Amino acid sequence: MSASGRVAGLVPAAGAGLRLGGGIPKAWRPLAGRPMVAYAVDVLAAVCDVVVVATPPGYEADGAVNVLGGATRAASVRAMLAALPPDVAYVLVHDAARPYAPISLASRVLAALRSGERAVVPVLPVVDTVKLVDAASYVLETPDRAMLRAVQTPQGFERALLDEAHASAADATDDAGLVEALGVRVLTVAGDELAGKITTPADLVAASGLR
Ligand code: CTP
Ligand code: MG
């Protein structure tokens, strides 16, 4: 893989935002006067040669190639991969729902790709103890917290590898999970506290004032 290959930024933004509510797709909810998706586009545009957004029907993102998203996040990523020019060597996939992720985070992920890694995800240590539970709500196991990480975006991949990972019609909320299923090693790099995902109204309240 060439260290100078062209880079595409993909923004899955076609979700309905049902948990956030508000009657419009989450990525088009205004934050400080701009649709949430605009922040993800800006961050990727700072480090990528082309930015593609997967949109819900009837919505458009400025400053990016727009493609119609699919019924799942994975289907939306597949629609964007299908729209990429052939000379793209690296892909960064970044949720529209993480509007405060800094450019430095995207740069860190891309630098690891350019240094030869095939798949790179930003992570943070997990602060809460995490339990594995069964269907009846009984604890099965307590994984060692020191080995757990919470995963963020942008996640970075060799373009050919992500194409292969998405070749099946599998659904996944996490692109790296599809790459892991191929048996390919995924490198973790430091995430950023600002890159948290906005999922519920409480997340929006917690995030107000960040930008
Ligand atoms: N996404 C997408 N296409 C889908 C579903 C989700 O592009 N069919 C995108 C969302 O727009 C979001 C990202 O994937 O940027 C992460 O998904 P999530 O946080 O679950 O957002 P929504 O699916 O919009 O929210 P909800 O699950 O609450 O409806
Ligand atoms: Mg969703």
# chains A, B, ... in the order shown; residues from 1 in each chain; ligands from 1
call {"tool": "residues_around", "arguments": {"residues": "stretch 22-37 of chain A", "least_positions_apart": "5", "cutoff": "9 Å", "atoms": "only C-alpha atoms", "output": "tab-separated table (two decimals) with C-alpha atoms, in the first residue's frame"}}
result
chain	number	residue	atom	x	y	z
A	11	VAL	CA	-19.75	9.98	6.82
A	13	ALA	CA	-25.43	10.17	8.22
A	14	ALA	CA	-28.54	8.37	6.98
A	15	GLY	CA	-29.90	7.28	10.37
A	16	ALA	CA	-33.27	8.45	11.65
A	17	GLY	CA	-32.00	9.47	15.08
A	42	ASP	CA	-15.17	19.64	8.12
A	53	VAL	CA	-21.88	11.59	3.02
A	55	THR	CA	-27.90	10.89	3.49
A	56	PRO	CA	-31.50	10.07	4.33
A	59	TYR	CA	-31.46	15.74	2.94
A	60	GLU	CA	-28.16	17.11	1.60
A	61	ALA	CA	-24.78	17.88	3.16
A	95	ASP	CA	-20.10	8.97	12.33
A	96	ALA	CA	-22.05	12.19	11.81
A	97	ALA	CA	-23.10	11.70	15.44
A	98	ARG	CA	-19.61	12.61	16.77
A	99	PRO	CA	-19.54	16.33	15.90
A	198	ILE	CA	-24.52	11.89	20.56
A	199	THR	CA	-27.24	9.28	20.92
A	208	SER	CA	-23.70	21.89	24.75
A	211	ARG	CA	-18.13	24.24	20.61
call {"tool": "residues_around", "arguments": {"residues": "stretch 139-149 of chain A", "least_positions_apart": "4", "cutoff": "9 Å", "atoms": "only C-alpha atoms", "output": "list in words"}}
result
Val123, Leu124, Pro125, Val126, Val127, Asp128, Thr129, Val130, Lys131, Leu132, Val133, Asp134 and Thr188 of chain A
call {"tool": "select_by_dssp", "arguments": {"residues": "stretch 27-98 of chain A", "states": "strand (DSSP E or B)", "output": "ChimeraX atom specification"}}
result
/A:30-31,34-35,50-55,65-68,88-93
call {"tool": "atom_distance", "arguments": {"atom1": "atom 14 (O, counted along the ligand's line) of ligand 1", "atom2": "atom CA of A:His94"}}
result
8.6 Å
call {"tool": "closest_residue", "arguments": {"among": "A:Ala165, A:Leu20, A:Val50, A:Val7", "to": "ligand 2", "atoms": "only C-alpha atoms and all ligand atoms"}}
result
A:Leu20
call {"tool": "atom_distance", "arguments": {"atom1": "atom CA of A:Tyr90", "atom2": "atom CA of A:Ala8"}}
result
6.3 Å
call {"tool": "closest_residue", "arguments": {"among": "A:Ala38, A:Ala172, A:Ala136, A:Val186", "to": "A:Thr72", "atoms": "only C-alpha atoms"}}
result
A:Ala172
call {"tool": "closest_residue", "arguments": {"among": "A:Pro201, A:Pro12, A:Pro86, A:Gly191", "to": "A:Val121", "atoms": "only C-alpha atoms"}}
result
A:Gly191
